[in-house]
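Enquirer: Below is the file protein35.cif, which contains mmCIF, C-alpha atoms and all ligand atoms.
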data_upload
#
loop_
_atom_site.label_atom_id
_atom_site.label_comp_id
_atom_site.auth_asym_id
_atom_site.auth_seq_id
_atom_site.Cartn_x
_atom_site.Cartn_y
_atom_site.Cartn_z
CA MET A 17 73.83 15.61 36.12
CA ALA A 18 70.43 16.94 35.20
CA PHE A 19 70.26 20.65 34.64
CA TRP A 20 67.21 22.81 34.25
CA GLY A 21 66.28 23.32 30.69
CA ASN A 22 68.50 20.52 29.47
CA LYS A 23 65.82 18.64 27.62
CA GLU A 24 68.09 15.91 26.30
CA ASP A 25 68.52 14.58 29.80
CA GLY A 26 65.39 12.50 29.65
CA GLU A 27 63.67 14.91 32.01
CA GLN A 28 60.23 15.94 30.94
CA PRO A 29 59.92 19.70 31.01
CA GLY A 30 56.95 21.48 32.44
CA ARG A 31 55.27 18.60 34.29
CA PRO A 32 55.50 19.71 37.90
CA ALA A 33 53.92 17.64 40.63
CA ALA A 34 51.26 19.59 42.46
CA ASN A 35 53.38 20.44 45.47
CA LYS A 36 56.80 21.02 44.08
CA PRO A 37 58.29 23.45 41.60
CA ALA A 38 58.82 22.46 38.01
CA THR A 39 61.96 20.49 37.39
CA GLY A 40 62.41 21.14 33.71
CA GLY A 41 61.80 23.64 30.95
CA THR A 42 62.38 27.33 30.98
CA LEU A 43 61.78 29.62 33.92
CA GLU A 44 58.83 31.09 32.06
CA GLU A 45 57.22 27.65 31.56
CA GLY A 46 57.76 26.67 35.19
CA TYR A 47 56.43 29.99 36.42
CA ASN A 48 53.29 29.88 34.28
CA GLU A 49 52.53 26.30 35.25
CA LEU A 50 52.79 27.11 38.94
CA VAL A 51 50.59 30.18 38.63
CA GLN A 52 47.96 28.38 36.50
CA ALA A 53 47.89 25.32 38.74
CA LYS A 54 47.57 27.36 41.87
CA GLY A 55 43.99 26.27 42.65
CA ARG A 56 43.40 26.91 46.32
CA THR A 57 47.10 27.37 47.15
CA PRO A 58 47.36 30.44 49.37
CA GLY A 59 49.22 33.33 47.68
CA ILE A 60 52.06 33.31 50.17
CA ASP A 61 52.81 29.60 49.53
CA LEU A 62 52.82 30.25 45.83
CA ALA A 63 55.12 33.24 46.32
CA ILE A 64 57.54 31.00 48.22
CA ARG A 65 57.51 28.42 45.43
CA LEU A 66 57.93 31.04 42.72
CA SER A 67 60.84 32.72 44.45
CA ASP A 68 62.48 29.31 44.97
CA LEU A 69 61.88 28.50 41.32
CA ILE A 70 63.55 31.73 40.19
CA LEU A 71 66.52 31.19 42.49
CA GLU A 72 66.93 27.53 41.49
CA HIS A 73 66.96 28.52 37.86
CA ALA A 74 69.49 31.23 38.67
CA VAL A 75 71.82 28.69 40.30
CA THR A 76 71.55 26.03 37.62
CA GLU A 77 71.97 28.61 34.85
CA ARG A 78 75.03 29.98 36.69
CA ALA A 79 73.54 33.48 36.94
CA SER A 80 75.57 35.91 39.03
CA ASP A 81 72.67 38.35 39.42
CA VAL A 82 68.90 38.21 39.25
CA HIS A 83 67.02 41.40 38.39
CA LEU A 84 63.36 41.59 39.41
CA GLU A 85 61.88 44.68 37.84
CA SER A 86 58.43 46.13 38.29
CA GLN A 87 57.30 47.47 34.94
CA GLY A 88 53.82 48.86 35.46
CA VAL A 89 51.50 45.86 35.45
CA ASN A 90 54.29 43.42 34.65
CA LEU A 91 57.17 41.83 36.44
CA ARG A 92 60.31 41.35 34.40
CA VAL A 93 63.01 38.87 35.46
CA ARG A 94 66.48 39.02 33.97
CA PHE A 95 69.56 36.92 34.75
CA ARG A 96 73.16 37.97 34.30
CA VAL A 97 74.94 34.92 32.92
CA ASP A 98 78.60 35.04 31.91
CA GLY A 99 78.49 38.80 32.37
CA ILE A 100 75.58 39.42 29.99
CA LEU A 101 71.99 40.22 31.02
CA GLN A 102 69.33 37.96 29.54
CA ASP A 103 65.53 38.18 29.63
CA MET A 104 64.11 35.19 31.48
CA LEU A 105 60.51 36.04 32.25
CA MET A 106 57.87 38.69 31.73
CA ALA A 107 54.75 37.94 33.75
CA PRO A 108 51.73 39.96 34.80
CA LYS A 109 52.00 41.13 38.38
CA ASN A 110 49.50 39.39 40.58
CA ALA A 111 48.41 41.22 43.70
CA ASP A 112 47.42 37.88 45.30
CA ILE A 113 50.95 36.50 45.00
CA PRO A 114 53.36 38.51 47.17
CA LEU A 115 56.50 37.47 45.27
CA THR A 116 58.67 40.56 45.74
CA GLN A 117 57.46 40.81 49.34
CA ARG A 118 58.70 37.25 49.87
CA ILE A 119 62.18 38.20 48.63
CA ARG A 120 62.09 41.37 50.74
CA VAL A 121 61.29 39.36 53.87
CA LEU A 122 64.06 36.84 53.11
CA ALA A 123 66.48 39.78 52.84
CA GLY A 124 65.36 41.08 56.22
CA PHE A 125 63.42 44.08 54.86
CA ASP A 126 59.86 45.07 55.69
CA PRO A 127 57.46 43.33 53.26
CA GLU A 128 56.52 46.59 51.56
CA PRO A 129 59.11 48.97 50.12
CA PRO A 130 59.59 52.20 52.10
CA THR A 131 57.55 55.18 50.91
CA SER A 132 60.54 57.50 50.93
CA PHE A 133 63.91 56.47 49.56
CA ARG A 134 66.12 54.55 51.92
CA ASN A 135 69.15 52.46 51.12
CA GLU A 136 68.12 48.82 51.57
CA GLU A 137 70.66 46.03 51.53
CA GLY A 138 70.21 42.59 52.96
CA ARG A 139 71.23 39.02 52.53
CA PHE A 140 70.05 35.51 53.08
CA GLN A 141 71.30 31.99 52.67
CA LYS A 142 69.38 29.14 51.13
CA MET A 143 69.88 25.54 50.09
CA LEU A 144 69.29 25.49 46.36
CA ALA A 145 70.02 22.72 43.88
CA GLY A 146 71.71 20.87 46.72
CA ARG A 147 74.13 23.62 47.73
CA ALA A 148 74.25 26.49 50.20
CA ILE A 149 73.83 29.68 48.20
CA GLN A 150 74.26 33.14 49.65
CA VAL A 151 72.14 35.89 48.16
CA ARG A 152 72.74 39.60 48.63
CA VAL A 153 69.70 41.78 47.94
CA SER A 154 69.50 45.42 47.01
CA SER A 155 66.30 47.40 46.49
CA PHE A 156 65.93 50.49 44.33
CA PRO A 157 62.81 52.62 43.82
CA THR A 158 62.27 53.34 40.13
CA VAL A 159 59.39 55.40 38.70
CA ASN A 160 57.82 52.10 37.55
CA GLY A 161 58.04 50.49 40.96
CA GLU A 162 60.61 48.60 42.92
CA LYS A 163 63.65 46.99 41.35
CA LEU A 164 65.31 44.19 43.30
CA VAL A 165 68.76 42.95 42.37
CA LEU A 166 69.88 39.66 43.87
CA ARG A 167 73.59 38.86 43.77
CA VAL A 168 73.86 35.09 43.83
CA MET A 169 77.03 33.88 45.51
CA ASP A 170 77.71 30.24 44.94
CA ARG A 171 80.25 28.98 47.42
CA GLN A 172 80.93 25.98 45.22
CA GLN A 173 81.96 28.19 42.32
CA LEU A 174 84.16 30.21 44.63
CA GLY A 175 85.88 27.25 46.24
CA ILE A 176 88.41 27.73 43.51
CA ASP A 177 92.07 26.80 43.71
CA LEU A 178 94.85 28.91 42.35
CA ASP A 179 95.47 26.12 39.83
CA GLN A 180 91.93 26.49 38.49
CA LEU A 181 91.89 30.25 37.86
CA GLY A 182 93.10 29.85 34.29
CA LEU A 183 96.68 31.04 34.73
CA ASP A 184 99.03 29.54 32.16
CA PRO A 185 101.61 27.17 33.74
CA ASP A 186 104.51 29.69 33.72
CA THR A 187 102.45 32.49 35.28
CA LEU A 188 101.01 30.06 37.81
CA ALA A 189 104.46 28.90 38.90
CA ILE A 190 105.72 32.49 39.23
CA THR A 191 102.60 33.54 41.12
CA LYS A 192 103.01 30.70 43.61
CA LYS A 193 106.56 31.86 44.22
CA ILE A 194 105.72 35.54 44.70
CA ILE A 195 102.90 34.92 47.15
CA ARG A 196 105.34 33.05 49.39
CA ASN A 197 107.53 36.07 49.96
CA PRO A 198 107.88 36.78 53.68
CA TYR A 199 107.00 40.43 53.16
CA GLY A 200 105.98 42.93 50.51
CA ILE A 201 102.75 43.94 48.79
CA PHE A 202 101.05 42.31 45.83
CA PHE A 203 98.26 44.09 43.97
CA ILE A 204 95.36 42.73 41.97
CA THR A 205 93.53 45.05 39.65
CA GLY A 206 90.55 44.72 37.36
CA ALA A 207 87.06 46.12 36.83
CA THR A 208 84.15 45.22 39.09
CA GLY A 209 83.15 41.64 38.40
CA SER A 210 86.53 40.67 36.94
CA GLY A 211 87.09 37.95 39.51
CA LYS A 212 89.51 39.87 41.76
CA THR A 213 87.94 38.57 44.98
CA THR A 214 88.08 35.00 43.71
CA SER A 215 91.79 35.41 42.94
CA LEU A 216 92.50 36.95 46.35
CA TYR A 217 90.70 34.10 48.10
CA ALA A 218 92.49 31.52 45.95
CA ILE A 219 95.83 33.10 46.92
CA LEU A 220 94.99 33.08 50.63
CA LYS A 221 93.76 29.50 50.39
CA ASN A 222 97.00 28.53 48.67
CA ILE A 223 99.30 29.92 51.36
CA ASN A 224 97.12 29.21 54.38
CA THR A 225 98.76 26.99 57.02
CA PRO A 226 98.30 26.86 60.80
CA MET A 227 101.76 28.41 61.12
CA ILE A 228 100.79 31.82 59.79
CA ASN A 229 98.25 34.35 60.98
CA ILE A 230 96.16 35.60 58.06
CA ILE A 231 93.81 38.52 58.66
CA THR A 232 91.53 40.10 56.10
CA LEU A 233 89.74 43.41 55.94
CA GLU A 234 86.84 43.32 53.53
CA ASP A 235 83.81 45.27 52.42
CA PRO A 236 81.77 43.14 52.49
CA VAL A 237 83.05 39.74 53.62
CA GLU A 238 81.79 37.75 50.66
CA TYR A 239 82.66 34.26 51.80
CA ARG A 240 83.86 32.74 55.02
CA LEU A 241 87.27 31.13 54.62
CA GLU A 242 88.28 28.42 57.04
CA GLY A 243 91.23 29.23 59.28
CA ILE A 244 91.38 32.86 58.21
CA ASN A 245 90.42 35.83 60.40
CA GLN A 246 88.07 37.97 58.38
CA ALA A 247 86.80 41.38 59.42
CA GLN A 248 84.25 43.61 57.81
CA ILE A 249 84.67 47.34 57.24
CA SER A 250 81.95 49.53 58.68
CA THR A 251 82.21 53.21 57.94
CA LYS A 252 79.16 53.82 60.16
CA THR A 253 81.02 52.72 63.28
CA GLY A 254 84.33 54.27 62.21
CA PHE A 255 85.90 50.91 61.39
CA THR A 256 87.38 52.30 58.17
CA TRP A 257 90.05 50.69 56.00
CA ALA A 258 92.79 52.71 57.66
CA GLU A 259 91.45 52.17 61.18
CA GLY A 260 90.93 48.46 60.52
CA LEU A 261 94.45 48.17 59.23
CA ARG A 262 95.90 49.87 62.30
CA THR A 263 93.96 47.44 64.48
CA ILE A 264 95.08 44.42 62.45
CA LEU A 265 98.72 45.40 62.85
CA ARG A 266 98.33 44.97 66.61
CA GLN A 267 97.05 41.40 66.03
CA ASP A 268 100.44 39.89 65.20
CA PRO A 269 99.64 39.19 61.53
CA ASN A 270 101.88 37.49 58.98
CA VAL A 271 99.60 38.01 56.02
CA ILE A 272 97.05 40.80 55.58
CA MET A 273 94.46 41.05 52.87
CA VAL A 274 93.06 44.54 52.40
CA GLY A 275 89.95 44.33 50.22
CA GLU A 276 90.61 47.57 48.43
CA ILE A 277 93.00 50.51 48.57
CA ARG A 278 91.35 53.75 47.58
CA ASP A 279 92.82 56.48 49.76
CA TYR A 280 96.17 57.80 50.90
CA ASP A 281 95.93 56.57 54.50
CA THR A 282 95.15 52.97 53.59
CA ALA A 283 97.80 52.95 50.87
CA GLU A 284 100.45 54.47 53.11
CA ILE A 285 99.85 52.13 56.06
CA SER A 286 99.67 49.11 53.71
CA LEU A 287 102.93 49.88 51.93
CA ARG A 288 104.74 50.69 55.18
CA SER A 289 103.62 47.49 56.85
CA ALA A 290 104.78 45.60 53.74
CA LEU A 291 108.23 46.99 54.51
CA THR A 292 108.16 45.91 58.13
CA GLY A 293 107.80 42.18 57.80
CA HIS A 294 104.22 41.72 56.60
CA LEU A 295 102.92 40.22 53.41
CA LEU A 296 99.96 42.12 51.97
CA PHE A 297 97.48 41.38 49.23
CA THR A 298 95.08 44.01 48.01
CA THR A 299 93.08 45.27 45.05
CA ILE A 300 93.17 48.70 43.48
CA HIS A 301 91.08 50.19 40.68
CA THR A 302 93.13 50.68 37.49
CA ILE A 303 92.89 49.46 33.90
CA ASN A 304 96.09 47.42 33.90
CA ALA A 305 98.96 46.31 36.13
CA PRO A 306 101.53 49.04 35.24
CA SER A 307 99.06 51.88 35.92
CA ILE A 308 98.85 50.87 39.59
CA ILE A 309 102.08 52.79 40.12
CA GLU A 310 100.67 56.01 38.68
CA ARG A 311 97.53 55.52 40.78
CA LEU A 312 99.70 55.33 43.92
CA PHE A 313 101.59 58.47 42.81
CA GLU A 314 98.22 60.25 42.47
CA MET A 315 97.34 59.24 46.00
CA GLY A 316 100.52 60.94 47.16
CA ILE A 317 102.59 57.86 47.98
CA PRO A 318 106.33 58.60 47.72
CA PRO A 319 108.12 56.67 44.91
CA PHE A 320 110.70 55.06 47.23
CA LEU A 321 107.91 53.49 49.29
CA ILE A 322 106.32 51.97 46.17
CA GLY A 323 109.64 50.80 44.77
CA SER A 324 110.77 49.12 47.96
CA SER A 325 107.52 47.44 49.02
CA MET A 326 105.85 46.29 45.81
CA LEU A 327 106.40 42.68 44.77
CA GLY A 328 104.27 42.82 41.68
CA ALA A 329 100.78 43.19 40.35
CA MET A 330 98.24 41.16 38.51
CA SER A 331 95.52 42.51 36.29
CA GLN A 332 92.62 40.39 35.20
CA ARG A 333 89.39 40.24 33.22
CA LEU A 334 86.81 37.56 32.67
CA VAL A 335 86.14 36.45 29.10
CA ARG A 336 83.40 34.15 27.89
CA LYS A 337 84.42 30.69 26.77
CA VAL A 338 83.17 29.73 23.33
CA CYS A 339 80.40 27.10 23.39
CA PRO A 340 82.01 23.72 22.66
CA GLU A 341 78.74 22.40 21.19
CA CYS A 342 78.43 24.81 18.31
CA CYS A 343 81.69 26.73 17.78
CA GLN A 344 83.36 26.52 14.40
CA LYS A 345 86.93 26.62 13.22
CA ALA A 346 88.15 30.00 12.04
CA ALA A 347 91.11 31.23 10.03
CA ALA A 348 93.53 33.72 11.53
CA PRO A 349 92.68 37.32 10.61
CA SER A 350 94.46 38.72 7.56
CA GLU A 351 97.65 40.75 8.00
CA PRO A 352 96.05 44.10 6.94
CA ILE A 353 93.34 43.62 9.57
CA VAL A 354 95.94 42.89 12.24
CA ASN A 355 98.00 45.91 11.15
CA GLU A 356 94.95 48.10 11.53
CA PHE A 357 94.26 46.61 14.98
CA VAL A 358 97.76 47.24 16.35
CA LYS A 359 98.42 50.59 14.68
CA ASN A 360 98.00 52.74 17.81
CA MET A 361 100.01 50.50 20.12
CA ASP A 362 103.51 51.02 21.32
CA PRO A 363 105.78 49.66 18.49
CA GLU A 364 107.27 46.83 20.56
CA GLU A 365 103.87 45.76 21.88
CA ALA A 366 102.38 46.02 18.37
CA ARG A 367 105.12 43.74 17.03
CA LEU A 368 104.53 41.14 19.75
CA VAL A 369 100.73 41.22 19.39
CA LYS A 370 100.91 40.94 15.61
CA GLU A 371 103.34 38.05 15.81
CA LEU A 372 101.15 36.29 18.36
CA ILE A 373 97.97 36.61 16.27
CA LEU A 374 99.55 35.56 12.99
CA LYS A 375 101.93 32.82 14.18
CA PRO A 376 100.91 29.58 12.43
CA GLY A 377 99.44 26.69 14.38
CA ALA A 378 96.51 28.50 16.02
CA ASN A 379 93.24 26.73 16.68
CA TYR A 380 90.98 29.79 16.32
CA LYS A 381 87.29 29.41 16.85
CA VAL A 382 84.29 31.54 15.97
CA GLU A 383 81.03 31.56 17.92
CA LYS A 384 77.78 30.40 16.37
CA GLY A 385 74.91 29.67 18.77
CA CYS A 386 72.82 26.64 19.62
CA SER A 387 70.24 25.58 22.19
CA ALA A 388 72.97 24.56 24.66
CA CYS A 389 74.30 28.12 24.84
CA ARG A 390 70.94 29.89 24.42
CA ASN A 391 72.12 31.11 21.02
CA THR A 392 74.84 33.28 22.50
CA GLY A 393 77.70 31.14 21.16
CA TYR A 394 79.37 31.20 24.56
CA SER A 395 79.20 29.13 27.72
CA GLY A 396 81.00 29.78 31.00
CA ARG A 397 83.83 32.19 31.64
CA MET A 398 87.57 32.13 32.26
CA GLY A 399 90.15 34.63 33.42
CA ILE A 400 92.80 36.37 31.35
CA PHE A 401 95.76 37.69 33.29
CA GLU A 402 98.65 40.11 33.15
CA LEU A 403 101.40 39.61 35.70
CA MET A 404 103.93 42.37 36.28
CA LEU A 405 106.91 41.54 38.47
CA MET A 406 109.05 44.17 40.12
CA ASN A 407 112.61 44.34 38.85
CA GLU A 408 115.51 46.79 38.99
CA GLU A 409 114.56 48.54 35.73
CA ILE A 410 110.96 49.10 36.82
CA ARG A 411 112.10 50.23 40.27
CA LYS A 412 114.39 52.79 38.65
CA HIS A 413 111.49 54.12 36.58
CA ILE A 414 109.34 54.37 39.70
CA LEU A 415 112.02 56.45 41.43
CA ASP A 416 112.15 58.64 38.29
CA HIS A 417 108.37 59.09 38.51
CA SER A 418 107.99 57.68 34.99
CA PRO A 419 104.52 57.56 33.41
CA THR A 420 102.53 54.34 32.94
CA ASP A 421 103.44 53.76 29.28
CA VAL A 422 107.17 53.77 30.14
CA ILE A 423 106.59 51.33 33.00
CA LYS A 424 104.46 49.10 30.80
CA ARG A 425 107.09 49.09 28.04
CA THR A 426 109.78 48.26 30.59
CA ALA A 427 107.71 45.45 32.08
CA ILE A 428 107.14 43.93 28.63
CA LYS A 429 110.78 44.31 27.63
CA THR A 430 112.69 43.48 30.80
CA GLY A 431 110.10 41.50 32.75
CA LYS A 432 108.67 39.53 29.81
CA MET A 433 105.25 40.73 30.93
CA ARG A 434 102.46 39.25 28.86
CA THR A 435 99.70 41.84 28.70
CA LEU A 436 96.01 41.04 29.18
CA LEU A 437 95.57 41.27 25.43
CA MET A 438 98.46 38.88 24.78
CA ASP A 439 97.22 36.37 27.34
CA GLY A 440 93.76 36.64 25.80
CA ILE A 441 95.13 36.01 22.31
CA MET A 442 96.95 32.93 23.65
CA LYS A 443 93.62 31.65 24.97
CA ALA A 444 91.91 32.41 21.64
CA ARG A 445 94.72 30.56 19.84
CA SER A 446 94.06 27.50 21.96
CA GLY A 447 90.38 27.58 20.97
CA SER A 448 88.99 28.31 24.46
CA THR A 449 87.52 31.64 23.43
CA THR A 450 87.37 33.84 20.33
CA LEU A 451 89.46 36.78 19.18
CA SER A 452 86.34 38.95 19.00
CA GLU A 453 85.59 38.23 22.67
CA ILE A 454 89.17 39.13 23.65
CA ILE A 455 88.96 42.36 21.69
CA ARG A 456 85.58 43.20 23.23
CA VAL A 457 86.87 42.71 26.77
CA THR A 458 90.22 44.43 26.36
CA ALA A 459 89.01 47.20 24.01
CA THR A 460 89.25 49.94 26.59
CA MET A 461 92.94 49.29 27.05
CA VAL A 462 94.48 49.42 23.60
ZN ZN B 501 76.32 26.62 21.51
#
As structure tokens, how would this structure be written, given the file I've shared?
Expert:
Amino acid sequence: MAFWGNKEDGEQPGRPAANKPATGGTLEEGYNELVQAKGRTPGIDLAIRLSDLILEHAVTERASDVHLESQGVNLRVRFRVDGILQDMLMAPKNADIPLTQRIRVLAGFDPEPPTSFRNEEGRFQKMLAGRAIQVRVSSFPTVNGEKLVLRVMDRQQLGIDLDQLGLDPDTLAITKKIIRNPYGIFFITGATGSGKTTSLYAILKNINTPMINIITLEDPVEYRLEGINQAQISTKTGFTWAEGLRTILRQDPNVIMVGEIRDYDTAEISLRSALTGHLLFTTIHTINAPSIIERLFEMGIPPFLIGSSMLGAMSQRLVRKVCPECCQKAAAPSEPIVNEFVKNMDPEEARLVKELILKPGANYKVEKGCSACRNTGYSGRMGIFELMLMNEEIRKHILDHSPTDVIKRTAIKTGKMRTLLMDGIMKARSGSTTLSEIIRVTATMV
């Protein structure tokens, strides 16, 4: 398959036909060629071609977000690829080419930004690089002019199966079993952009059959899932999480997905309905799986309700995969370095982590950088996961109101929980990513 910028494909970069956007080279090259070759092309037509060019590049470069920033006389374009922002284009603004206005119109805004601040959010769908791409647009007035951020949602990338998330075979098998419980609640936690929504959708897709009624409550509904009843939260009209949930419960559901739990009402109704014959999936904002329990305590949820309804929890992060074109073999870190790394961990966890890093037989890699990975050393991303299953020991600690570190220790000891860090190290050992990437991504947790 020919990708933009992949010059070894036999495609000649930067030779666009007069009426179509460039089909090779960098975004900057394509952009400049279009602008220079504009001739008598009306500005609006050129703006349409330039915005298509930017979006096509975004899709083929797998960008999750496109930033269009006014910087005085210039327009700066940056892409977020694999979680990292990269400069793609800096071009002089041209009053004759209404590029940002074109994006604004696509998003359903007025062509010109409002003179006083107003929250502007819109979306549009477009066929790009042969697929239907949804784009969510947000506008923000900076002192230098308008900043547009386009979230690019590629349905193809999201059509992911549970088997493709990157769970190791054991965790995958256990997960498939848990999500088939007739009732109970299962939590997913992780930072924004950690792939929680993808995992939730993959779970729903995995259990979806005509025999069960699956209803979701989301903010926003990111993708339409076939055979699943999805509803969108709207605080403006009073359709809040709690209100939505009450309504859903009158719709004879088997499975409910609540996009996020962030207040007492939603948590309480969710956990209670998990006790009365419903299976719930939801996300909650915490740094790891064990701390979900403390978060629910903070919301005021009684321990017995947590202990009796919770099936388990999964925490996840996305890590960058090392570029297969340029990565190099690496030795395991020395023992003193590992000792230093684990010194502040709980002793049992420190022992396990140390053992895992130093165990012989690892295929460690170190990143380098080449043209294929734009000199970043990485290409694509994968998930790392931590799965905590409820058991008698953890339940007892919940009833005792034990703090997170006790619950975590218990989950590692009695539930054989592999932490995010441990799962990440396993993936570094297999050569899919690097230890430094795992440490970067999990640094806030150790
Ligand atoms: Zn490379």
Enquirer: Within 9 Å of ligand ZN 501 (chain B), counting all atoms listed in the file: which residues, as a PDB file with C-alpha atoms, in the frame of the given file?
Expert:
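The new file result-v3.pdb reads:
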ATOM      1  CA  VAL A 338      83.170  29.730  23.330  1.00  0.00           C
ATOM      2  CA  CYS A 339      80.400  27.100  23.390  1.00  0.00           C
ATOM      3  CA  PRO A 340      82.010  23.720  22.660  1.00  0.00           C
ATOM      4  CA  GLU A 341      78.740  22.400  21.190  1.00  0.00           C
ATOM      5  CA  CYS A 342      78.430  24.810  18.310  1.00  0.00           C
ATOM      6  CA  CYS A 343      81.690  26.730  17.780  1.00  0.00           C
ATOM      7  CA  GLU A 383      81.030  31.560  17.920  1.00  0.00           C
ATOM      8  CA  LYS A 384      77.780  30.400  16.370  1.00  0.00           C
ATOM      9  CA  GLY A 385      74.910  29.670  18.770  1.00  0.00           C
ATOM     10  CA  CYS A 386      72.820  26.640  19.620  1.00  0.00           C
ATOM     11  CA  SER A 387      70.240  25.580  22.190  1.00  0.00           C
ATOM     12  CA  ALA A 388      72.970  24.560  24.660  1.00  0.00           C
ATOM     13  CA  CYS A 389      74.300  28.120  24.840  1.00  0.00           C
ATOM     14  CA  ARG A 390      70.940  29.890  24.420  1.00  0.00           C
ATOM     15  CA  ASN A 391      72.120  31.110  21.020  1.00  0.00           C
ATOM     16  CA  THR A 392      74.840  33.280  22.500  1.00  0.00           C
ATOM     17  CA  GLY A 393      77.700  31.140  21.160  1.00  0.00           C
ATOM     18  CA  TYR A 394      79.370  31.200  24.560  1.00  0.00           C
ATOM     19  CA  SER A 395      79.200  29.130  27.720  1.00  0.00           C
TER      20      SER A 395
END
Enquirer: Just want the 12 Å neighbourhood of Glu402 (chain A), counted on only C-alpha atoms, with same-chain residues fewer than 3 positions away dropped. Output as an MDAnalysis selection string.
Expert: chainID A and resid 182:184 186:188 191 203:206 303:306 328:333 399 405 424 427:428 431:440 458
Enquirer: What is the CA of Met326 (chain A)-CA of Val274 (chain A) distance in Å, reported with one decimal?
Expert: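 Between CA of Met326 (chain A) and CA of Val274 (chain A) the gap works out to 14.5 Å.
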Enquirer: What's around Val168 (chain A) at 9 Å? Count all atoms listed in the file, leave out sequence neighbours fewer than 6 positions away in its own chain, and write the answer as a list in words.
Expert: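 Skipping anything fewer than 6 positions along the chain leaves Leu71, Ala74, Val75, Arg78, Ala79, Ser80, Asp81, Val82, Ile149, Gln150, Val151, Arg152 and Val153 of chain A.
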Enquirer: Would you export the selected residues with C-alpha atoms as a PDB file, keeping the file's coordinate frame, please?
Expert:
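selection38.pdb, freshly written:
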ATOM      1  CA  LEU A  71      66.520  31.190  42.490  1.00  0.00           C
ATOM      2  CA  ALA A  74      69.490  31.230  38.670  1.00  0.00           C
ATOM      3  CA  VAL A  75      71.820  28.690  40.300  1.00  0.00           C
ATOM      4  CA  ARG A  78      75.030  29.980  36.690  1.00  0.00           C
ATOM      5  CA  ALA A  79      73.540  33.480  36.940  1.00  0.00           C
ATOM      6  CA  SER A  80      75.570  35.910  39.030  1.00  0.00           C
ATOM      7  CA  ASP A  81      72.670  38.350  39.420  1.00  0.00           C
ATOM      8  CA  VAL A  82      68.900  38.210  39.250  1.00  0.00           C
ATOM      9  CA  ILE A 149      73.830  29.680  48.200  1.00  0.00           C
ATOM     10  CA  GLN A 150      74.260  33.140  49.650  1.00  0.00           C
ATOM     11  CA  VAL A 151      72.140  35.890  48.160  1.00  0.00           C
ATOM     12  CA  ARG A 152      72.740  39.600  48.630  1.00  0.00           C
ATOM     13  CA  VAL A 153      69.700  41.780  47.940  1.00  0.00           C
TER      14      VAL A 153
END
Enquirer: Work out how far CA of Ala123 (chain A) is from CA of Phe140 (chain A), in Å to one decimal.
Expert: 5.6 Å
Enquirer: What separation in Å, quoted to one decimal, exists between CA of Gly447 (chain A) and CA of Ala189 (chain A)?
Expert: 22.8 Å
Enquirer: Give me the residues within 10 Å of Glu310 (chain A) as a list in words, counting only C-alpha atoms and dropping any in the same chain fewer than 5 places off.
Expert: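 Listing them by chain and then by number gives Thr302, Met315, Gly316, Ile317, Pro319, Ile414, His417, Ser418, Pro419, Thr420 and Ile423 of chain A.
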Enquirer: Selected residues, C-alpha atoms, written as a compact mmCIF listing (two decimals), keeping the file's coordinate frame, please.
Expert:
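Final output, saved to out.txt:
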# COMPACT_ATOMS: atom_id res chain seq x y z
CA THR A 302 93.13 50.68 37.49
CA MET A 315 97.34 59.24 46.00
CA GLY A 316 100.52 60.94 47.16
CA ILE A 317 102.59 57.86 47.98
CA PRO A 319 108.12 56.67 44.91
CA ILE A 414 109.34 54.37 39.70
CA HIS A 417 108.37 59.09 38.51
CA SER A 418 107.99 57.68 34.99
CA PRO A 419 104.52 57.56 33.41
CA THR A 420 102.53 54.34 32.94
CA ILE A 423 106.59 51.33 33.00
Enquirer: Please provide as a ChimeraX atom specification all residues within 6 Å of region 102-105 of chain A, with the sequence filter that same-chain residues fewer than 3 positions apart are discarded (counting only C-alpha atoms).
Expert: /A:44,92-95
Enquirer: Compile the contact shell of region 217-233 of chain A as a PyMOL selection string: residues with an atom at most 7 Å away, counting all atoms listed in the file, same-chain residues fewer than 5 positions apart removed.
Expert: chain A and resi 176-178+244-249+260+269-275
Enquirer: Please determine, counting all atoms listed in the file, which residue among A:Glu85, A:Glu356, A:Glu45, A:Glu136 has the shortest atom-to-atom distance to Glu162 (chain A).
Expert: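 Among the listed residues, the smallest separation from Glu162 (chain A) belongs to A:Glu85.
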Enquirer: Quick one: of A:Ile70, A:Asn197, A:Lys375, A:Pro318, who's nearest to Asp416 (chain A), counting only C-alpha atoms?
Expert: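 Counting only C-alpha atoms, the residue closest to Asp416 (chain A) is A:Pro318.
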Enquirer: Check the smallest atom-to-atom distance from each of A:Thr292, A:Ser67, A:Asn407, A:Ser324 to Ile119 (chain A) using only C-alpha atoms, then report the winner.
Expert: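 The closest residue to Ile119 (chain A) is A:Ser67.
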Enquirer: Pick from A:Asn160, A:Thr76, A:Ser154, A:Asn110: nearest to Thr42 (chain A), with only C-alpha atoms counted?
Expert: A:Thr76
